[in-house]
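Asker: Dropping the structure in here first, questions after.
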Amino acid sequence: MRPLRALFLRLTAGRLTPWVKQIPTVVTFGVALIVLLATRMPVTSGGLLWASVIVEAIATAASFALPWRRIDQFWSVLIPCASFVAIALLRLATGGSDSPFGVLLIIPTIWVASEPGAWNPLIAGIGTCFALLLPEYLSGAPVSLGEVARDLLTPFVYIVAAIIINEIARRLREAGEERDRVKDEFLGLVSHELRNPLTSVLGYLELLRMTGANLTDEQRGFVDVAERNARRLRHLVGDLLTTAQAGAGAFTLQKTRVDLNEVVRQAVESAEPAAEDADVVLATALAAPVVINGDPDRLGQACDNLISNAVKFTPAGGTVTVSTELHGADALLSVRDTGVGIPADEVAHLSERFFRASTARAIPGVGLGLTVVRAIATAHGGRLEIESAVGEGTTFTLVLPMA
């Protein structure tokens with residue numbers, strides 16, 4: 001089971017995209033065709049059979065190929081609607097009312113009904129009515145009174161089932177949203193309560209450094225350790241607050257025209273001492289001026305997190321390369337390392353809060369950095385892309401719309 005699960009996650013990136021939702025329909029439709037061939041079931045129209053296969057193939061190709069990240073998810077309902085048409089054609093080609101393939105309607109019905117929106121049960125009902133009734137009244141065979149009663153009752157049952165599925169899905173979504181809201185409120189409260197005393201601690205440490213002329217070298221070393229750990233804790237509190245704000249919908253940006261190259265230069269300069277201590281080469285490969293409309297502080301925070309992660313997970317002697325480039329209407333900011341890498345079945349979970357890859361658990365951290373980066377990318381109308389191979393390294397790419 002583990003190899004199959006790993007293959008599934010690699011193909012789907014762990015997301016419930018239209019392609020993932022289409023997989024059960026493709027499998028059952030394929031099984032239906034195998035049964036049709038194996039049993040040599042009579043086919044009344046080869047043209048209709050091929051038309052059903054073509055419609056289902058087009059729907060499947062659309063579910064896989066279209067850029068659903070940029071398309072309103074409402075339109076993904078067109079995919080199972082196309083499956084309704086394919087099933088209707090399949091039934092019409094295999095006997096109409098006598099066709100055994102009406103059972104295939106269950107899967108696209110579940111897909112449509114589980115989507116957000118009160119209209120979806122109606123869409124599912126219309127689709128099932130079309131797929132069930134059209135073949136029966138176009139087949140040309142006489143229809144008995146019992147068949148008419150069945151034709152009226154079966155779509156009604158499907159519609160009731162779709163309404164129940166839609167309501168269950170809505171309640172599950174609301175329960176998940178409420179759980180996330182409470183969690184975000186808690187994280188925000190804790191972060192606010194920790195920030196003020198940490199700022200005070202850092203202020204007094206700085207004051208001690210400036211006025212403590214009689215401190216010995218050993219005592220100054222103690223102050224350095226305390227200050228370094230206090231800054232690390234403040235960084236963690238900042239990440240917690242950012243993720244809480246993003247989850248609560250309170251994530252705000254102060255946008256202006258930003259040169260990504262300048263953001264990279266400042267982040268690299270800040271990370272150089274840590275890279276030198278870790279014996280990691282920190283290199284840059286910057287394109288011509290890459291200007292976007294964004295929040296320079298937030299973008300700097302994202303770049304800092306990506307570079308610090310890359311340095312932390314790259315063994316001594318390795319290289320971290322930070323690059324920018326233009327790709328059509330997007331600006332790309334990439335951080336590539338030669339570090340430990342991440343298993344394929346874990347890549348999709350990297351930007352989840354508190355998730356840590358199995359290859360990184362021996363290295364200190366809490367698993368918030370990439371969550372912050374993803375939140376910042378999303379707030380800018382972009383996205384975070386991840387490519388990795390165990391033992392070879394990882395590339396994180398911020399894809400941001402140009403100004």
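Chain lettering (A, B, ...) mirrors the order of the structure tokens, residue numbering begins at 1 for each chain separately, and ligand numbering begins at 1 in order of display.
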If you count only C-alpha atoms, which residues fall within 6 Å of region 284-295 of chain A, apart from same-chain ones fewer than 6 positions away, as a list in words?
Answerer: Leu253, Gln254, Lys255, Thr256, Arg257, Val258, Asp259, Leu260, Thr321, Val322, Ser323, Thr324, Glu325, Met402 and Ala403 of chain A
Asker: Residues of the last selection are to be written out with C-alpha atoms, as a short mmCIF file (atom, residue, chain, number, x, y, z; two decimals), in the first residue's frame.
Answerer:
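Result file follows (again36.cif):
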```cif
data_model
loop_
_atom_site.label_atom_id
_atom_site.label_comp_id
_atom_site.auth_asym_id
_atom_site.auth_seq_id
_atom_site.Cartn_x
_atom_site.Cartn_y
_atom_site.Cartn_z
CA LEU A 253 0.35 44.14 2.65
CA GLN A 254 1.88 47.58 2.18
CA LYS A 255 2.45 47.38 -1.57
CA THR A 256 4.86 49.42 -3.60
CA ARG A 257 7.13 48.83 -6.59
CA VAL A 258 9.81 46.38 -5.46
CA ASP A 259 12.98 45.21 -7.20
CA LEU A 260 13.30 41.52 -6.29
CA THR A 321 22.03 29.54 -5.04
CA VAL A 322 19.48 32.36 -5.02
CA SER A 323 18.27 33.47 -8.43
CA THR A 324 15.67 35.69 -10.09
CA GLU A 325 14.27 35.52 -13.59
CA MET A 402 4.84 41.24 -12.48
CA ALA A 403 3.99 44.86 -11.75
#
```
Asker: Counting only C-alpha atoms, what is within 10 Å of region 71-87 of chain A, bar same-chain residues fewer than 4 positions away, as a PDB file with N, CA and C atoms, in the first residue's frame?
Answerer:
```pdb
ATOM      1  N   THR A  17      -7.255  18.323  -6.572  1.00  0.00           N
ATOM      2  CA  THR A  17      -7.473  19.077  -7.799  1.00  0.00           C
ATOM      3  C   THR A  17      -8.562  18.376  -8.624  1.00  0.00           C
ATOM      4  N   PRO A  18      -9.099  19.048  -9.673  1.00  0.00           N
ATOM      5  CA  PRO A  18     -10.065  18.370 -10.551  1.00  0.00           C
ATOM      6  C   PRO A  18      -9.521  17.063 -11.127  1.00  0.00           C
ATOM      7  N   TRP A  19      -8.214  17.003 -11.392  1.00  0.00           N
ATOM      8  CA  TRP A  19      -7.630  15.762 -11.913  1.00  0.00           C
ATOM      9  C   TRP A  19      -7.743  14.644 -10.883  1.00  0.00           C
ATOM     10  N   LYS A  21      -9.988  14.411  -8.501  1.00  0.00           N
ATOM     11  CA  LYS A  21     -11.406  14.053  -8.379  1.00  0.00           C
ATOM     12  C   LYS A  21     -11.896  13.264  -9.594  1.00  0.00           C
ATOM     13  N   GLN A  22     -11.225  13.440 -10.719  1.00  0.00           N
ATOM     14  CA  GLN A  22     -11.636  12.728 -11.934  1.00  0.00           C
ATOM     15  C   GLN A  22     -11.136  11.290 -11.955  1.00  0.00           C
ATOM     16  N   THR A  25     -13.741   8.455 -11.615  1.00  0.00           N
ATOM     17  CA  THR A  25     -14.598   8.349 -12.799  1.00  0.00           C
ATOM     18  C   THR A  25     -13.862   7.650 -13.933  1.00  0.00           C
ATOM     19  N   VAL A  26     -12.590   8.019 -14.138  1.00  0.00           N
ATOM     20  CA  VAL A  26     -11.795   7.398 -15.201  1.00  0.00           C
ATOM     21  C   VAL A  26     -11.659   5.900 -14.961  1.00  0.00           C
ATOM     22  N   PHE A  29     -15.083   4.128 -15.469  1.00  0.00           N
ATOM     23  CA  PHE A  29     -15.440   4.144 -16.887  1.00  0.00           C
ATOM     24  C   PHE A  29     -14.595   3.134 -17.648  1.00  0.00           C
ATOM     25  N   LEU A  48     -21.961   5.914 -31.209  1.00  0.00           N
ATOM     26  CA  LEU A  48     -22.277   6.472 -29.889  1.00  0.00           C
ATOM     27  C   LEU A  48     -21.292   5.989 -28.831  1.00  0.00           C
ATOM     28  N   LEU A  49     -20.860   4.743 -28.955  1.00  0.00           N
ATOM     29  CA  LEU A  49     -19.876   4.219 -28.001  1.00  0.00           C
ATOM     30  C   LEU A  49     -18.568   4.994 -28.092  1.00  0.00           C
ATOM     31  N   TRP A  50     -18.104   5.215 -29.315  1.00  0.00           N
ATOM     32  CA  TRP A  50     -16.875   5.982 -29.483  1.00  0.00           C
ATOM     33  C   TRP A  50     -17.064   7.432 -29.039  1.00  0.00           C
ATOM     34  N   ALA A  51     -18.246   7.984 -29.264  1.00  0.00           N
ATOM     35  CA  ALA A  51     -18.516   9.358 -28.823  1.00  0.00           C
ATOM     36  C   ALA A  51     -18.433   9.460 -27.302  1.00  0.00           C
ATOM     37  N   SER A  52     -18.949   8.439 -26.596  1.00  0.00           N
ATOM     38  CA  SER A  52     -18.870   8.461 -25.125  1.00  0.00           C
ATOM     39  C   SER A  52     -17.427   8.408 -24.653  1.00  0.00           C
ATOM     40  N   VAL A  53     -16.619   7.578 -25.309  1.00  0.00           N
ATOM     41  CA  VAL A  53     -15.199   7.480 -24.941  1.00  0.00           C
ATOM     42  C   VAL A  53     -14.482   8.803 -25.202  1.00  0.00           C
ATOM     43  N   ILE A  54     -14.784   9.443 -26.334  1.00  0.00           N
ATOM     44  CA  ILE A  54     -14.127  10.711 -26.686  1.00  0.00           C
ATOM     45  C   ILE A  54     -14.509  11.811 -25.701  1.00  0.00           C
ATOM     46  N   VAL A  55     -15.803  11.896 -25.352  1.00  0.00           N
ATOM     47  CA  VAL A  55     -16.237  12.929 -24.399  1.00  0.00           C
ATOM     48  C   VAL A  55     -15.557  12.737 -23.051  1.00  0.00           C
ATOM     49  N   GLU A  56     -15.492  11.497 -22.569  1.00  0.00           N
ATOM     50  CA  GLU A  56     -14.842  11.238 -21.288  1.00  0.00           C
ATOM     51  C   GLU A  56     -13.348  11.529 -21.360  1.00  0.00           C
ATOM     52  N   ALA A  57     -12.721  11.215 -22.501  1.00  0.00           N
ATOM     53  CA  ALA A  57     -11.291  11.492 -22.666  1.00  0.00           C
ATOM     54  C   ALA A  57     -11.023  12.995 -22.663  1.00  0.00           C
ATOM     55  N   ILE A  58     -11.892  13.775 -23.330  1.00  0.00           N
ATOM     56  CA  ILE A  58     -11.729  15.235 -23.347  1.00  0.00           C
ATOM     57  C   ILE A  58     -11.892  15.807 -21.937  1.00  0.00           C
ATOM     58  N   ALA A  59     -12.899  15.311 -21.201  1.00  0.00           N
ATOM     59  CA  ALA A  59     -13.106  15.785 -19.828  1.00  0.00           C
ATOM     60  C   ALA A  59     -11.905  15.479 -18.951  1.00  0.00           C
ATOM     61  N   THR A  60     -11.351  14.280 -19.108  1.00  0.00           N
ATOM     62  CA  THR A  60     -10.186  13.887 -18.305  1.00  0.00           C
ATOM     63  C   THR A  60      -8.967  14.733 -18.666  1.00  0.00           C
ATOM     64  N   ALA A  61      -8.754  14.957 -19.969  1.00  0.00           N
ATOM     65  CA  ALA A  61      -7.619  15.792 -20.403  1.00  0.00           C
ATOM     66  C   ALA A  61      -7.754  17.205 -19.859  1.00  0.00           C
ATOM     67  N   ALA A  62      -8.990  17.749 -19.871  1.00  0.00           N
ATOM     68  CA  ALA A  62      -9.216  19.098 -19.342  1.00  0.00           C
ATOM     69  C   ALA A  62      -8.950  19.146 -17.841  1.00  0.00           C
ATOM     70  N   SER A  63      -9.354  18.107 -17.122  1.00  0.00           N
ATOM     71  CA  SER A  63      -9.128  18.089 -15.670  1.00  0.00           C
ATOM     72  C   SER A  63      -7.644  18.076 -15.338  1.00  0.00           C
ATOM     73  N   LEU A  66      -5.752  21.843 -17.741  1.00  0.00           N
ATOM     74  CA  LEU A  66      -6.111  23.249 -17.536  1.00  0.00           C
ATOM     75  C   LEU A  66      -5.473  23.803 -16.266  1.00  0.00           C
ATOM     76  N   PRO A  67      -5.094  25.080 -16.254  1.00  0.00           N
ATOM     77  CA  PRO A  67      -4.446  25.699 -15.070  1.00  0.00           C
ATOM     78  C   PRO A  67      -5.477  26.033 -13.992  1.00  0.00           C
ATOM     79  N   ARG A  91     -24.825   4.525 -22.260  1.00  0.00           N
ATOM     80  CA  ARG A  91     -26.079   3.795 -22.032  1.00  0.00           C
ATOM     81  C   ARG A  91     -26.897   3.701 -23.313  1.00  0.00           C
ATOM     82  N   LEU A  92     -26.904   4.769 -24.090  1.00  0.00           N
ATOM     83  CA  LEU A  92     -27.651   4.769 -25.339  1.00  0.00           C
ATOM     84  C   LEU A  92     -27.059   3.754 -26.324  1.00  0.00           C
ATOM     85  N   ALA A  93     -25.715   3.579 -26.271  1.00  0.00           N
ATOM     86  CA  ALA A  93     -25.040   2.636 -27.176  1.00  0.00           C
ATOM     87  C   ALA A  93     -25.160   1.194 -26.721  1.00  0.00           C
ATOM     88  N   PHE A 101     -25.072   0.285 -17.163  1.00  0.00           N
ATOM     89  CA  PHE A 101     -24.032   1.249 -16.817  1.00  0.00           C
ATOM     90  C   PHE A 101     -24.566   2.520 -16.153  1.00  0.00           C
ATOM     91  N   GLY A 102     -25.839   2.530 -15.779  1.00  0.00           N
ATOM     92  CA  GLY A 102     -26.362   3.679 -15.040  1.00  0.00           C
ATOM     93  C   GLY A 102     -25.711   3.853 -13.683  1.00  0.00           C
ATOM     94  N   VAL A 103     -25.171   2.753 -13.136  1.00  0.00           N
ATOM     95  CA  VAL A 103     -24.528   2.817 -11.819  1.00  0.00           C
ATOM     96  C   VAL A 103     -23.319   3.752 -11.832  1.00  0.00           C
ATOM     97  N   LEU A 104     -22.729   4.000 -13.007  1.00  0.00           N
ATOM     98  CA  LEU A 104     -21.566   4.886 -13.100  1.00  0.00           C
ATOM     99  C   LEU A 104     -21.895   6.315 -12.667  1.00  0.00           C
ATOM    100  N   LEU A 105     -23.179   6.666 -12.660  1.00  0.00           N
ATOM    101  CA  LEU A 105     -23.571   8.028 -12.314  1.00  0.00           C
ATOM    102  C   LEU A 105     -23.268   8.399 -10.875  1.00  0.00           C
ATOM    103  N   ILE A 107     -20.558   8.306  -9.106  1.00  0.00           N
ATOM    104  CA  ILE A 107     -19.304   9.015  -8.825  1.00  0.00           C
ATOM    105  C   ILE A 107     -19.363  10.483  -9.257  1.00  0.00           C
ATOM    106  N   PRO A 108     -19.744  10.821 -10.498  1.00  0.00           N
ATOM    107  CA  PRO A 108     -19.855  12.263 -10.813  1.00  0.00           C
ATOM    108  C   PRO A 108     -20.907  12.973  -9.974  1.00  0.00           C
ATOM    109  N   THR A 109     -21.958  12.235  -9.561  1.00  0.00           N
ATOM    110  CA  THR A 109     -22.969  12.849  -8.696  1.00  0.00           C
ATOM    111  C   THR A 109     -22.358  13.252  -7.357  1.00  0.00           C
ATOM    112  N   ILE A 110     -21.546  12.367  -6.775  1.00  0.00           N
ATOM    113  CA  ILE A 110     -20.883  12.679  -5.501  1.00  0.00           C
ATOM    114  C   ILE A 110     -19.955  13.875  -5.667  1.00  0.00           C
ATOM    115  N   TRP A 111     -19.189  13.907  -6.796  1.00  0.00           N
ATOM    116  CA  TRP A 111     -18.274  15.022  -7.036  1.00  0.00           C
ATOM    117  C   TRP A 111     -19.038  16.348  -7.040  1.00  0.00           C
ATOM    118  N   VAL A 112     -20.090  16.432  -7.872  1.00  0.00           N
ATOM    119  CA  VAL A 112     -20.827  17.693  -7.997  1.00  0.00           C
ATOM    120  C   VAL A 112     -21.485  18.075  -6.672  1.00  0.00           C
ATOM    121  N   ALA A 113     -22.112  17.098  -6.024  1.00  0.00           N
ATOM    122  CA  ALA A 113     -22.870  17.395  -4.808  1.00  0.00           C
ATOM    123  C   ALA A 113     -21.983  17.834  -3.654  1.00  0.00           C
ATOM    124  N   GLU A 115     -19.306  19.696  -3.813  1.00  0.00           N
ATOM    125  CA  GLU A 115     -18.701  21.005  -4.025  1.00  0.00           C
ATOM    126  C   GLU A 115     -19.497  22.085  -3.272  1.00  0.00           C
ATOM    127  N   PRO A 116     -18.830  23.183  -2.852  1.00  0.00           N
ATOM    128  CA  PRO A 116     -19.554  24.260  -2.171  1.00  0.00           C
ATOM    129  C   PRO A 116     -20.607  24.884  -3.081  1.00  0.00           C
ATOM    130  N   GLY A 117     -21.740  25.240  -2.503  1.00  0.00           N
ATOM    131  CA  GLY A 117     -22.785  25.892  -3.275  1.00  0.00           C
ATOM    132  C   GLY A 117     -24.098  25.132  -3.212  1.00  0.00           C
ATOM    133  N   ASN A 120     -25.434  23.115  -6.445  1.00  0.00           N
ATOM    134  CA  ASN A 120     -24.800  21.902  -6.954  1.00  0.00           C
ATOM    135  C   ASN A 120     -25.676  20.661  -6.871  1.00  0.00           C
ATOM    136  N   ILE A 123     -27.680  20.803  -9.962  1.00  0.00           N
ATOM    137  CA  ILE A 123     -26.870  20.453 -11.133  1.00  0.00           C
ATOM    138  C   ILE A 123     -26.694  18.945 -11.217  1.00  0.00           C
ATOM    139  N   ALA A 124     -26.411  18.314 -10.064  1.00  0.00           N
ATOM    140  CA  ALA A 124     -26.259  16.861 -10.041  1.00  0.00           C
ATOM    141  C   ALA A 124     -27.558  16.172 -10.439  1.00  0.00           C
ATOM    142  N   ILE A 126     -29.990  17.389 -12.397  1.00  0.00           N
ATOM    143  CA  ILE A 126     -30.219  17.568 -13.840  1.00  0.00           C
ATOM    144  C   ILE A 126     -29.322  16.614 -14.633  1.00  0.00           C
ATOM    145  N   GLY A 127     -28.071  16.475 -14.184  1.00  0.00           N
ATOM    146  CA  GLY A 127     -27.143  15.578 -14.871  1.00  0.00           C
ATOM    147  C   GLY A 127     -27.605  14.133 -14.838  1.00  0.00           C
ATOM    148  N   THR A 128     -28.070  13.679 -13.681  1.00  0.00           N
ATOM    149  CA  THR A 128     -28.533  12.290 -13.582  1.00  0.00           C
ATOM    150  C   THR A 128     -29.816  12.088 -14.388  1.00  0.00           C
ATOM    151  N   CYS A 129     -30.734  13.062 -14.357  1.00  0.00           N
ATOM    152  CA  CYS A 129     -31.952  12.958 -15.165  1.00  0.00           C
ATOM    153  C   CYS A 129     -31.600  12.827 -16.646  1.00  0.00           C
ATOM    154  N   PHE A 130     -30.650  13.652 -17.094  1.00  0.00           N
ATOM    155  CA  PHE A 130     -30.227  13.618 -18.488  1.00  0.00           C
ATOM    156  C   PHE A 130     -29.655  12.245 -18.848  1.00  0.00           C
ATOM    157  N   ALA A 131     -28.752  11.743 -17.987  1.00  0.00           N
ATOM    158  CA  ALA A 131     -28.069  10.483 -18.293  1.00  0.00           C
ATOM    159  C   ALA A 131     -29.000   9.282 -18.181  1.00  0.00           C
ATOM    160  N   LEU A 132     -30.021   9.368 -17.344  1.00  0.00           N
ATOM    161  CA  LEU A 132     -30.928   8.242 -17.154  1.00  0.00           C
ATOM    162  C   LEU A 132     -32.086   8.254 -18.147  1.00  0.00           C
ATOM    163  N   LEU A 134     -32.628  10.348 -21.054  1.00  0.00           N
ATOM    164  CA  LEU A 134     -32.394  10.551 -22.483  1.00  0.00           C
ATOM    165  C   LEU A 134     -32.199   9.232 -23.232  1.00  0.00           C
ATOM    166  N   PRO A 135     -31.331   8.321 -22.745  1.00  0.00           N
ATOM    167  CA  PRO A 135     -31.145   7.065 -23.485  1.00  0.00           C
ATOM    168  C   PRO A 135     -32.426   6.248 -23.594  1.00  0.00           C
TER     169      PRO A 135
END
```
Asker: Applying 8 Å and only C-alpha atoms, which residues near Ile163 (chain A) remain after dropping the ones on its own chain fewer than 4 positions away? List them as JSON, numbers by chain.
Answerer: {"A": [113, 121, 159, 167]}
Asker: Skip Val340 (chain A) itself and residues of its chain fewer than 6 positions away, then list as a short mmCIF file (atom, residue, chain, number, x, y, z; two decimals) with N, CA and C atoms, in the first residue's frame all residues within 6 Å of it, counting only C-alpha atoms.
Answerer:
```cif
data_model
loop_
_atom_site.label_atom_id
_atom_site.label_comp_id
_atom_site.auth_asym_id
_atom_site.auth_seq_id
_atom_site.Cartn_x
_atom_site.Cartn_y
_atom_site.Cartn_z
N VAL A 390 15.69 13.33 -2.78
CA VAL A 390 16.45 12.94 -1.60
C VAL A 390 17.92 12.76 -1.96
N GLY A 391 18.79 13.40 -1.20
CA GLY A 391 20.22 13.29 -1.42
C GLY A 391 20.77 14.21 -2.49
N GLY A 393 19.04 17.56 -3.28
CA GLY A 393 18.76 18.95 -2.94
C GLY A 393 17.33 19.34 -3.26
#
```
Asker: I'd like the neighbourhood of Cys303 (chain A) as an MDAnalysis selection string, where a residue qualifies if any of its atoms comes within 10 Å (using only C-alpha atoms), though same-chain residues fewer than 2 positions away should be ignored.
Answerer: chainID A and resid 260 263:268 297:301 305:309 322 333:335 373 398
Asker: What is the distance between CA of Trp68 (chain A) and CA of Gly381 (chain A), in Å to one decimal?
Answerer: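 So the answer is 14.2 Å.
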Asker: Per DSSP on the backbone, filter region 201-334 of chain A down to the residues in alpha helix (DSSP H) and report them as a ChimeraX atom specification.
Answerer: /A:201-211,217-247,260-277,296-312
Asker: Can you work out which one of A:Leu233, A:Ala316, A:Ala302, A:Val43 has the shortest atom-to-atom distance to Ala379 (chain A), counting only C-alpha atoms?
Answerer: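 Using only C-alpha atoms, Ala379 (chain A) sits closest to A:Ala302.
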